Amino acid sequence: MRVIASWYVYNRLDVIERTQQYSPTVYLPVDAKIKKNSQKILHFLSILDVYKQMSMYSTPKQVIVEDKPTGRKGGIEPDLFCIFKGSPFWIEIQRNQYSEQKM
């Protein structure tokens with residue numbers, strides 16, 4: 001009930017809006033740069049899923065989503081960077097499955 005009440009208050013303040021396309025519901029800031037129907041939302045949900053799976057074993061530290069360690073466009077851009085069990089991890093997440101032949 002608390003989540004619904006919070007959503008109602010923030011919605012009335014025109015701070016967040018709810019998407020109807022995903023279950024469970026995804027909430028976005030009203031001024032979000034990402035469209036409510038963007039395929040990128042599924043990508044971010046996949047990143048969240050990887051984080052949740054890692055958290056079952058140990059809590060990742062220094063988590064950065066879509067890190068740009070070189071600081072320039074066109075350099076390496078992993079989907080997720082974190083320190084996991086004391087070691088740095090740069091993770092690229094693919095939602096599509098490719099066959100060995102296609103690779």
# chains A, B, ... in the order shown; residues from 1 in each chain; ligands from 1

$ residues_around --residues "stretch 27-41 of chain A" --least-positions-apart "3" --cutoff "6 Å" --atoms "only C-alpha atoms" --output "VMD selection string"
chain A and resid 15 to 18 44

$ select_by_dssp --residues "chain A" --states "strand (DSSP E)" --output "ChimeraX atom specification"
/A:16-18,27-29,61-65,80-84,87-91

$ write_last_selection --atoms "N, CA and C atoms" --output "mmCIF file, in the first residue's frame"
data_model
loop_
_atom_site.group_PDB
_atom_site.id
_atom_site.type_symbol
_atom_site.label_atom_id
_atom_site.label_comp_id
_atom_site.auth_asym_id
_atom_site.auth_seq_id
_atom_site.Cartn_x
_atom_site.Cartn_y
_atom_site.Cartn_z
ATOM 1 N N ILE A 16 6.662 12.220 -11.229
ATOM 2 C CA ILE A 16 6.884 10.954 -11.928
ATOM 3 C C ILE A 16 5.653 10.590 -12.732
ATOM 4 N N GLU A 17 5.879 9.692 -13.707
ATOM 5 C CA GLU A 17 4.765 9.115 -14.445
ATOM 6 C C GLU A 17 5.010 7.627 -14.606
ATOM 7 N N ARG A 18 3.958 6.911 -14.808
ATOM 8 C CA ARG A 18 4.004 5.454 -14.861
ATOM 9 C C ARG A 18 3.849 4.987 -16.297
ATOM 10 N N TYR A 27 8.441 3.304 -13.371
ATOM 11 C CA TYR A 27 8.170 4.714 -13.105
ATOM 12 C C TYR A 27 9.328 5.545 -13.633
ATOM 13 N N LEU A 28 9.010 6.652 -14.279
ATOM 14 C CA LEU A 28 10.025 7.548 -14.844
ATOM 15 C C LEU A 28 9.785 8.966 -14.362
ATOM 16 N N PRO A 29 10.856 9.759 -14.219
ATOM 17 C CA PRO A 29 10.645 11.179 -13.923
ATOM 18 C C PRO A 29 9.899 11.832 -15.091
ATOM 19 N N LYS A 61 30.101 -3.245 -5.323
ATOM 20 C CA LYS A 61 30.472 -1.909 -4.843
ATOM 21 C C LYS A 61 30.806 -1.017 -6.043
ATOM 22 N N GLN A 62 30.755 0.285 -5.841
ATOM 23 C CA GLN A 62 31.106 1.288 -6.857
ATOM 24 C C GLN A 62 30.428 0.996 -8.198
ATOM 25 N N VAL A 63 29.149 0.798 -8.176
ATOM 26 C CA VAL A 63 28.390 0.436 -9.375
ATOM 27 C C VAL A 63 28.195 1.670 -10.264
ATOM 28 N N ILE A 64 28.576 1.528 -11.546
ATOM 29 C CA ILE A 64 28.383 2.597 -12.528
ATOM 30 C C ILE A 64 27.714 1.988 -13.752
ATOM 31 N N VAL A 65 26.567 2.516 -14.130
ATOM 32 C CA VAL A 65 25.847 2.037 -15.313
ATOM 33 C C VAL A 65 26.307 2.842 -16.519
ATOM 34 N N LEU A 80 27.903 -2.068 -17.511
ATOM 35 C CA LEU A 80 27.964 -2.029 -16.059
ATOM 36 C C LEU A 80 29.405 -2.184 -15.604
ATOM 37 N N PHE A 81 29.819 -1.326 -14.686
ATOM 38 C CA PHE A 81 31.103 -1.484 -14.010
ATOM 39 C C PHE A 81 30.819 -1.623 -12.531
ATOM 40 N N CYS A 82 31.535 -2.523 -11.870
ATOM 41 C CA CYS A 82 31.414 -2.639 -10.422
ATOM 42 C C CYS A 82 32.640 -3.342 -9.862
ATOM 43 N N ILE A 83 32.808 -3.194 -8.566
ATOM 44 C CA ILE A 83 33.801 -3.972 -7.839
ATOM 45 C C ILE A 83 33.010 -5.112 -7.201
ATOM 46 N N PHE A 84 33.365 -6.340 -7.574
ATOM 47 C CA PHE A 84 32.627 -7.502 -7.092
ATOM 48 C C PHE A 84 33.605 -8.442 -6.406
ATOM 49 N N SER A 87 37.247 -7.492 -6.903
ATOM 50 C CA SER A 87 37.810 -7.418 -8.256
ATOM 51 C C SER A 87 36.962 -6.519 -9.147
ATOM 52 N N PRO A 88 37.613 -5.729 -10.032
ATOM 53 C CA PRO A 88 36.841 -4.886 -10.953
ATOM 54 C C PRO A 88 36.217 -5.721 -12.067
ATOM 55 N N PHE A 89 34.970 -5.415 -12.397
ATOM 56 C CA PHE A 89 34.263 -6.091 -13.487
ATOM 57 C C PHE A 89 33.668 -5.041 -14.413
ATOM 58 N N TRP A 90 33.907 -5.189 -15.707
ATOM 59 C CA TRP A 90 33.211 -4.417 -16.738
ATOM 60 C C TRP A 90 32.332 -5.419 -17.452
ATOM 61 N N ILE A 91 31.039 -5.165 -17.485
ATOM 62 C CA ILE A 91 30.082 -6.152 -17.993
ATOM 63 C C ILE A 91 29.319 -5.575 -19.178
#

$ atom_distance --atom1 "atom CA of A:Gln94" --atom2 "atom CA of A:Lys52"
16.4 Å

$ closest_residue --among "A:Lys102, A:Gln21, A:Gly75, A:Glu92" --to "A:Leu42" --atoms "only C-alpha atoms"
A:Gln21

$ closest_residue --among "A:Val26, A:Thr59, A:Gln20, A:Ile47" --to "A:Lys85" --atoms "only C-alpha atoms"
A:Thr59

$ closest_residue --among "A:Ser55, A:Leu45, A:Asn96, A:Gly74" --to "A:Pro24" --atoms "only C-alpha atoms"
A:Leu45

$ atom_distance --atom1 "atom CA of A:Ile93" --atom2 "atom CA of A:Lys73"
18.8 Å
